[in-house]
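Structure record follows, encoded as structure tokens.
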Amino acid sequence: MNQPNEDKTLMNGVAAGHEASLRLLYERFGALVFRNACQVLGSTSEAEDAVQDVFVQIWRTADRYDPTRSKLITWVMLISRRMLIDRLRRRMIRPPIGALDETLGVPAPQTTYASASDPELMEHFTKVRRRMVELPELQRDVIDLVYIKGFSLQEVAEQRNMPVGTVKSALSRGLQRLREKFGIEAAG
């Protein structure tokens, strides 16, 4: 089998949600995307988050890969480049977290998971939500859905149409970043 056919078969497997195909894709290109993200972003933790976002995007758009138009490495790096540029643009226009708190106020926490009658717990959720604006979108969404709205990891995976492992990883990285940057511990 020649390389374009192998690449197309691999991407068909990724599009079909086969974890083995996604793992193989990551093994082939993960280190390259990570090195590129480190160079562009200058932060290992942000590069790790970016790599995860890139592979989620590749997984979501795998059915669009056409080996007659480009090599797989070119397609992967094009997606990576676009996402890294978007991340840099967001970084440049994002106001400091304090300015958001003063200008927009704190969003009201959802009460499906936490009891509104527990002021200490509600204060904790308010603090977490304030700090979550610093997280990448996927991590922010997963933390919101799991810890604030009370969905299970499986429910979040189904809602977002992604593997449970990706949801777990986003949750873990997001919580770790909150702990490192802000000293916030997860509830529950």
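Ordering of the structure tokens sets the chain letters (A, B, ...); residue numbers start at 1 within each chain; ligands are numbered from 1 in the order shown.
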
Fill in: Contacts of region 36-46 of chain A at 10 Å (only C-alpha atoms; same-chain gap of 6+ positions) as a list in words
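In the requested format, the answer is Gly30, Gln52, Val54, Met77, Ser80, Arg81, Met83, Leu84, Ile85, Arg87, Leu88, Arg91, Leu135, Pro136, Arg173 and Arg177 of chain A.
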
Hey, what's within 7 Å of region 14-17 of chain A if we count only C-alpha atoms and toss same-chain stuff fewer than 6 positions away? As an mmCIF file with N, CA and C atoms, in the first residue's frame, please?
```cif
data_model
loop_
_atom_site.group_PDB
_atom_site.id
_atom_site.type_symbol
_atom_site.label_atom_id
_atom_site.label_comp_id
_atom_site.auth_asym_id
_atom_site.auth_seq_id
_atom_site.Cartn_x
_atom_site.Cartn_y
_atom_site.Cartn_z
ATOM 1 N N TRP A 59 -9.346 15.257 14.889
ATOM 2 C CA TRP A 59 -10.316 14.179 15.050
ATOM 3 C C TRP A 59 -11.692 14.603 14.528
ATOM 4 N N ALA A 62 -11.424 14.870 10.584
ATOM 5 C CA ALA A 62 -10.678 13.803 9.904
ATOM 6 C C ALA A 62 -11.313 13.388 8.583
ATOM 7 N N ASP A 63 -12.625 13.450 8.515
ATOM 8 C CA ASP A 63 -13.304 13.039 7.276
ATOM 9 C C ASP A 63 -13.043 14.003 6.118
#
```

Practice prompt. To one decimal in Å, tell me the separation between CA of Ile143 (chain A) and CA of Arg28 (chain A).
Written response: 29.4 Å

Worksheet item: Can you list, as a PyMOL selection string, every protein, DNA or RNA residue that comes within 9 Å of region 156-169 of chain A when you count only C-alpha atoms, leaving out same-chain residues fewer than 5 positions away?
Response: chain A and resi 17+19+52+56+59-60+138-139+142+145-146+151+174

Selection from above, N, CA and C atoms, as a short mmCIF file (atom, residue, chain, number, x, y, z; two decimals), in the first residue's frame, can you write it?
```cif
data_model
loop_
_atom_site.label_atom_id
_atom_site.label_comp_id
_atom_site.auth_asym_id
_atom_site.auth_seq_id
_atom_site.Cartn_x
_atom_site.Cartn_y
_atom_site.Cartn_z
N GLY A 17 -13.76 7.18 14.67
CA GLY A 17 -13.65 7.15 16.12
C GLY A 17 -12.86 5.99 16.67
N GLU A 19 -10.02 4.42 18.40
CA GLU A 19 -8.96 4.92 19.27
C GLU A 19 -7.57 4.51 18.79
N GLN A 52 -3.37 19.16 22.56
CA GLN A 52 -4.65 18.47 22.77
C GLN A 52 -5.73 19.10 21.90
N VAL A 56 -7.85 17.24 18.90
CA VAL A 56 -9.32 17.20 18.94
C VAL A 56 -9.87 17.76 17.63
N TRP A 59 -9.35 15.26 14.89
CA TRP A 59 -10.32 14.18 15.05
C TRP A 59 -11.69 14.60 14.53
N ARG A 60 -12.09 15.83 14.84
CA ARG A 60 -13.40 16.32 14.40
C ARG A 60 -13.48 16.51 12.89
N LEU A 138 -11.65 24.22 25.74
CA LEU A 138 -12.06 22.85 26.02
C LEU A 138 -11.99 22.55 27.52
N GLN A 139 -10.91 22.95 28.17
CA GLN A 139 -10.77 22.71 29.60
C GLN A 139 -11.85 23.46 30.38
N VAL A 142 -15.24 21.69 29.92
CA VAL A 142 -15.33 20.41 30.62
C VAL A 142 -15.47 20.63 32.13
N LEU A 145 -19.00 21.84 32.81
CA LEU A 145 -20.01 20.78 32.68
C LEU A 145 -19.93 19.75 33.81
N VAL A 146 -18.72 19.41 34.25
CA VAL A 146 -18.56 18.37 35.26
C VAL A 146 -18.75 18.93 36.67
N PHE A 151 -22.52 17.13 35.22
CA PHE A 151 -22.59 16.03 34.26
C PHE A 151 -21.46 15.04 34.53
N GLY A 174 -7.05 21.02 33.10
CA GLY A 174 -7.69 22.25 33.54
C GLY A 174 -7.61 22.43 35.04
#
```

Item to complete: Rank nothing, just name the residue among A:Ser172, A:Thr9, A:Gln154, A:Gln3 nearest to Tyr65 (chain A), using only C-alpha atoms.
Response: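 Nearest to Tyr65 (chain A): A:Thr9.
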
Worksheet item: Taking only C-alpha atoms into account, which of A:Gly150, A:Ala170, A:Asp7, A:Arg140 comes nearest Thr68 (chain A)?
Response: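 Once distances to Thr68 (chain A) are computed over only C-alpha atoms, the minimum belongs to A:Asp7.
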